[in-house]
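Enquirer: Provided herewith is a single structure, encoded as structure tokens, for subsequent inquiry.
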Protein chains: 2
Amino acid sequence: MKNKLDQIDFKIISILSDEAQMPYTEVAKKLIVSPGTIHARVRKMKEMGLITGASLNLDYSKIGWKLTVFLGIYLSKSSLYKQVMDDLVKINEVVKIHHTTGKFDIFIKMHTRDSMHYREVYQNQVLAINGIKGVESFISVEEKLIRHIQFDS
Amino acid sequence: MKNKLDQIDFKIISILSDEAQMPYTEVAKKLIVSPGTIHARVRKMKEMGLITGASLNLDYSKIGWKLTVFLGIYLSKSSLYKQVMDDLVKINEVVKIHHTTGKFDIFIKMHTRDSMHYREVYQNQVLAINGIKGVESFISVEEKLIRHIQFDS
DNA sequence: GGTGAAAGAATGGAAGC
DNA sequence: GCTTCCATTCTTTCACC
């Protein structure tokens, strides 16, 4: 797995990170290489596991899901993280789960329609999980930046 | 802006959220509608602002960016959030910035190559910003779930 | 507002450089 | 390992339902 990436690879990633649906021919034009090259590079990076997929960016508030909430979770025993994470996966409103070191043991992100919906999920689903000692919540008021790393090297 | 979404719209979003690069013809086949319908629906949702774009999912660790860190930031005055967020945008390693209520004023996510790189960015760039009173950091050990909401309604 | 077909464009190999 | 070429497949529009 000794695939070295060059500037062209990084530029492809930079472009597609912002606009995953841009046709490869257009990417090729921007970088002044042939479409076949883009194709081969992208396939290589997918095989390497660098590119794991592509997803839509959605503005949930446009369909009435107005709340984005982060929860910092304390476990009663740190070793329970695996089981608690498995339980969290089952909650539909949870979109990201991170096992972390530092103040919290687990950090999650969730979307809900409104504060009532949030409270319901929080009380009936999150707090019902065994092994959770405490939770701190942070409501996102504004999301400022969505981007990927600009790789200069 | 009275665009009601139906089951087909939600299914399109569900499919493309996982696989943004899937051809519309294939989406059409899955949902048993014509390609033209998919096209029209996606365009409608883009015009509504629901779909804001598409991005690649990258596994940064594959190119040696092994650390994902969350920082919870306390401001010396809450009103400074705008200016501090603008300064944070300028840091290349920062990929997400949320203005939050709760314990922290601002919550960010960043990627770095290793702990030395992290320390350097943290000390020289984050702490150098005016208006930041304190920071708590959480290092992500494992990312468990990347998905979008399954809209049932 | 959906369908299906048609023209144009992009994809994804293969062969050669 | 990149490029060009080509057959296949996809996109995108539009007249019709």
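Convention: chains lettered A, B, ... in structure tokens order; per-chain residue numbering from 1; ligands numbered from 1 as shown.
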As a PyMOL selection string, please: all residues of chain A that backbone DSSP puts in strand (DSSP E or B).

Expert: chain A and resi 19+51-58+67-75+94-102+106-112+132-146

Enquirer: Selection from above, N, CA and C atoms, as a tab-separated table (two decimals), in the first residue's frame, can you write it?

Expert:
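And here's result.tsv as it stands now:
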```
chain	number	residue	atom	x	y	z
A	19	GLU	N	-17.22	19.97	-4.37
A	19	GLU	CA	-18.20	19.75	-5.43
A	19	GLU	C	-18.11	18.32	-5.91
A	51	ILE	N	-10.53	7.99	-0.19
A	51	ILE	CA	-11.89	8.45	-0.50
A	51	ILE	C	-12.84	7.32	-0.11
A	52	THR	N	-13.68	7.60	0.87
A	52	THR	CA	-14.55	6.52	1.36
A	52	THR	C	-15.95	6.64	0.80
A	53	GLY	N	-16.21	7.72	0.10
A	53	GLY	CA	-17.54	7.88	-0.46
A	53	GLY	C	-17.83	9.33	-0.73
A	54	ALA	N	-19.06	9.63	-1.00
A	54	ALA	CA	-19.47	11.00	-1.22
A	54	ALA	C	-20.86	11.18	-0.64
A	55	SER	N	-21.12	12.34	-0.06
A	55	SER	CA	-22.44	12.52	0.51
A	55	SER	C	-23.00	13.90	0.20
A	56	LEU	N	-24.30	14.01	0.30
A	56	LEU	CA	-24.95	15.29	0.09
A	56	LEU	C	-24.79	16.16	1.32
A	57	ASN	N	-24.69	17.44	1.10
A	57	ASN	CA	-24.76	18.38	2.22
A	57	ASN	C	-26.19	18.90	2.28
A	58	LEU	N	-26.82	18.70	3.40
A	58	LEU	CA	-28.22	19.09	3.54
A	58	LEU	C	-28.38	20.19	4.57
A	67	LEU	N	-33.03	22.04	14.99
A	67	LEU	CA	-32.06	21.96	16.08
A	67	LEU	C	-30.89	21.03	15.78
A	68	THR	N	-29.70	21.54	15.95
A	68	THR	CA	-28.52	20.69	15.93
A	68	THR	C	-27.92	20.73	17.33
A	69	VAL	N	-27.77	19.58	17.93
A	69	VAL	CA	-27.32	19.53	19.33
A	69	VAL	C	-26.11	18.60	19.45
A	70	PHE	N	-25.14	19.06	20.23
A	70	PHE	CA	-24.01	18.20	20.58
A	70	PHE	C	-24.18	17.74	22.01
A	71	LEU	N	-23.87	16.50	22.26
A	71	LEU	CA	-23.91	15.99	23.63
A	71	LEU	C	-22.54	15.44	24.01
A	72	GLY	N	-22.04	15.91	25.15
A	72	GLY	CA	-20.83	15.34	25.73
A	72	GLY	C	-21.27	14.37	26.80
A	73	ILE	N	-20.86	13.13	26.65
A	73	ILE	CA	-21.37	12.08	27.54
A	73	ILE	C	-20.28	11.55	28.49
A	74	TYR	N	-20.63	11.44	29.77
A	74	TYR	CA	-19.75	10.81	30.75
A	74	TYR	C	-20.27	9.40	31.01
A	75	LEU	N	-19.38	8.46	31.03
A	75	LEU	CA	-19.79	7.09	31.32
A	75	LEU	C	-19.52	6.76	32.78
A	94	VAL	N	-29.35	10.61	15.96
A	94	VAL	CA	-27.91	10.75	16.16
A	94	VAL	C	-27.19	10.52	14.83
A	95	VAL	N	-26.37	11.49	14.44
A	95	VAL	CA	-25.71	11.35	13.14
A	95	VAL	C	-24.20	11.13	13.23
A	96	LYS	N	-23.60	11.49	14.34
A	96	LYS	CA	-22.16	11.26	14.50
A	96	LYS	C	-21.86	10.84	15.93
A	97	ILE	N	-20.97	9.90	16.08
A	97	ILE	CA	-20.57	9.44	17.41
A	97	ILE	C	-19.04	9.36	17.46
A	98	HIS	N	-18.45	10.05	18.39
A	98	HIS	CA	-17.01	9.98	18.56
A	98	HIS	C	-16.65	9.47	19.95
A	99	HIS	N	-15.76	8.51	19.96
A	99	HIS	CA	-15.18	8.08	21.23
A	99	HIS	C	-14.01	9.01	21.48
A	100	THR	N	-14.02	9.72	22.60
A	100	THR	CA	-12.99	10.74	22.81
A	100	THR	C	-12.23	10.56	24.12
A	101	THR	N	-11.07	11.19	24.15
A	101	THR	CA	-10.36	11.31	25.41
A	101	THR	C	-10.49	12.76	25.85
A	102	GLY	N	-10.32	13.00	27.14
A	102	GLY	CA	-10.50	14.35	27.66
A	102	GLY	C	-11.68	14.32	28.61
A	106	ILE	N	-17.64	10.16	25.39
A	106	ILE	CA	-18.26	10.04	24.07
A	106	ILE	C	-18.84	11.39	23.68
A	107	PHE	N	-18.74	11.69	22.43
A	107	PHE	CA	-19.26	12.96	21.95
A	107	PHE	C	-20.15	12.68	20.75
A	108	ILE	N	-21.37	13.19	20.76
A	108	ILE	CA	-22.27	12.90	19.64
A	108	ILE	C	-22.91	14.17	19.09
A	109	LYS	N	-23.37	14.04	17.87
A	109	LYS	CA	-24.10	15.13	17.22
A	109	LYS	C	-25.46	14.60	16.83
A	110	MET	N	-26.49	15.38	17.04
A	110	MET	CA	-27.82	14.94	16.62
A	110	MET	C	-28.65	16.07	16.04
A	111	HIS	N	-29.59	15.72	15.21
A	111	HIS	CA	-30.53	16.68	14.64
A	111	HIS	C	-31.93	16.34	15.13
A	112	THR	N	-32.66	17.38	15.51
A	112	THR	CA	-34.07	17.16	15.86
A	112	THR	C	-34.92	18.28	15.27
A	132	ILE	N	-24.50	5.42	31.07
A	132	ILE	CA	-24.29	6.86	30.94
A	132	ILE	C	-24.45	7.51	32.31
A	133	LYS	N	-23.39	8.18	32.76
A	133	LYS	CA	-23.42	8.79	34.08
A	133	LYS	C	-23.96	10.21	34.01
A	134	GLY	N	-23.58	10.90	32.96
A	134	GLY	CA	-24.01	12.28	32.84
A	134	GLY	C	-23.86	12.78	31.42
A	135	VAL	N	-24.54	13.88	31.14
A	135	VAL	CA	-24.53	14.43	29.78
A	135	VAL	C	-24.48	15.95	29.86
A	136	GLU	N	-23.67	16.54	29.02
A	136	GLU	CA	-23.75	17.98	28.86
A	136	GLU	C	-24.15	18.28	27.43
A	137	SER	N	-25.06	19.23	27.28
A	137	SER	CA	-25.55	19.49	25.93
A	137	SER	C	-25.18	20.88	25.45
A	138	PHE	N	-24.96	20.98	24.16
A	138	PHE	CA	-24.61	22.24	23.51
A	138	PHE	C	-25.47	22.38	22.27
A	139	ILE	N	-26.23	23.40	22.24
A	139	ILE	CA	-27.09	23.61	21.08
A	139	ILE	C	-26.37	24.49	20.07
A	140	SER	N	-26.33	24.04	18.85
A	140	SER	CA	-25.66	24.82	17.81
A	140	SER	C	-26.57	25.93	17.32
A	141	VAL	N	-26.09	27.15	17.45
A	141	VAL	CA	-26.88	28.29	17.02
A	141	VAL	C	-26.57	28.62	15.56
A	142	GLU	N	-25.33	28.36	15.19
A	142	GLU	CA	-24.90	28.73	13.85
A	142	GLU	C	-23.75	27.83	13.45
A	143	GLU	N	-23.83	27.31	12.23
A	143	GLU	CA	-22.72	26.52	11.71
A	143	GLU	C	-21.98	27.37	10.70
A	144	LYS	N	-20.72	27.55	10.96
A	144	LYS	CA	-20.00	28.56	10.22
A	144	LYS	C	-19.23	28.04	9.02
A	145	LEU	N	-18.70	26.85	9.15
A	145	LEU	CA	-17.69	26.45	8.19
A	145	LEU	C	-17.83	24.96	7.89
A	146	ILE	N	-17.93	24.65	6.64
A	146	ILE	CA	-17.86	23.25	6.25
A	146	ILE	C	-16.83	23.16	5.14
```

Enquirer: Between chain A and chain C, at 10 Å or less, what are the per-residue closest atom pairs and their distances in Å? Count only C-alpha atoms (C1' of nucleotides), order by chain and rising residue number, and return it as JSON lines.

Expert:
```
{"residue": "A:Pro23", "atom": "CA", "partner": "C:DA10", "partner_atom": "C1'", "distance": 7.1}
{"residue": "A:Tyr24", "atom": "CA", "partner": "C:DA10", "partner_atom": "C1'", "distance": 7.8}
{"residue": "A:Thr25", "atom": "CA", "partner": "C:DA10", "partner_atom": "C1'", "distance": 7.1}
{"residue": "A:Glu26", "atom": "CA", "partner": "C:DA10", "partner_atom": "C1'", "distance": 9.8}
{"residue": "A:Pro35", "atom": "CA", "partner": "C:DT11", "partner_atom": "C1'", "distance": 9.1}
{"residue": "A:Gly36", "atom": "CA", "partner": "C:DG12", "partner_atom": "C1'", "distance": 8.0}
{"residue": "A:His39", "atom": "CA", "partner": "C:DG12", "partner_atom": "C1'", "distance": 7.8}
{"residue": "A:Ala40", "atom": "CA", "partner": "C:DG12", "partner_atom": "C1'", "distance": 9.2}
```

Enquirer: What are the DSSP helix (DSSP H, G or I) residues of chain A, as a PyMOL selection string?

Expert: chain A and resi 7-18+24-31+35-48+60-63+78-89+115-126

Enquirer: Select all residues from chain D having any atom no more than 10 Å from an atom of chain A (counting only C-alpha atoms (C1' of nucleotides), ignoring ligands), output as a list in words.

Expert: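 Therefore, the residues near the partner are DG1, DC2, DT3 and DT4 of chain D.
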
Enquirer: Please identify all polymer residues within 8 Å of region 116-129 of chain A, counting only C-alpha atoms (C1' of nucleotides), omitting same-chain residues fewer than 2 positions from it, and present them as a ChimeraX atom specification.

Expert: /A:67,84,87-88,91,93,112-114,131-132

Enquirer: Could you please determine the separation between CA of His148 (chain A) and CA of Leu50 (chain A) in Å, to one decimal place?

Expert: 13.1 Å
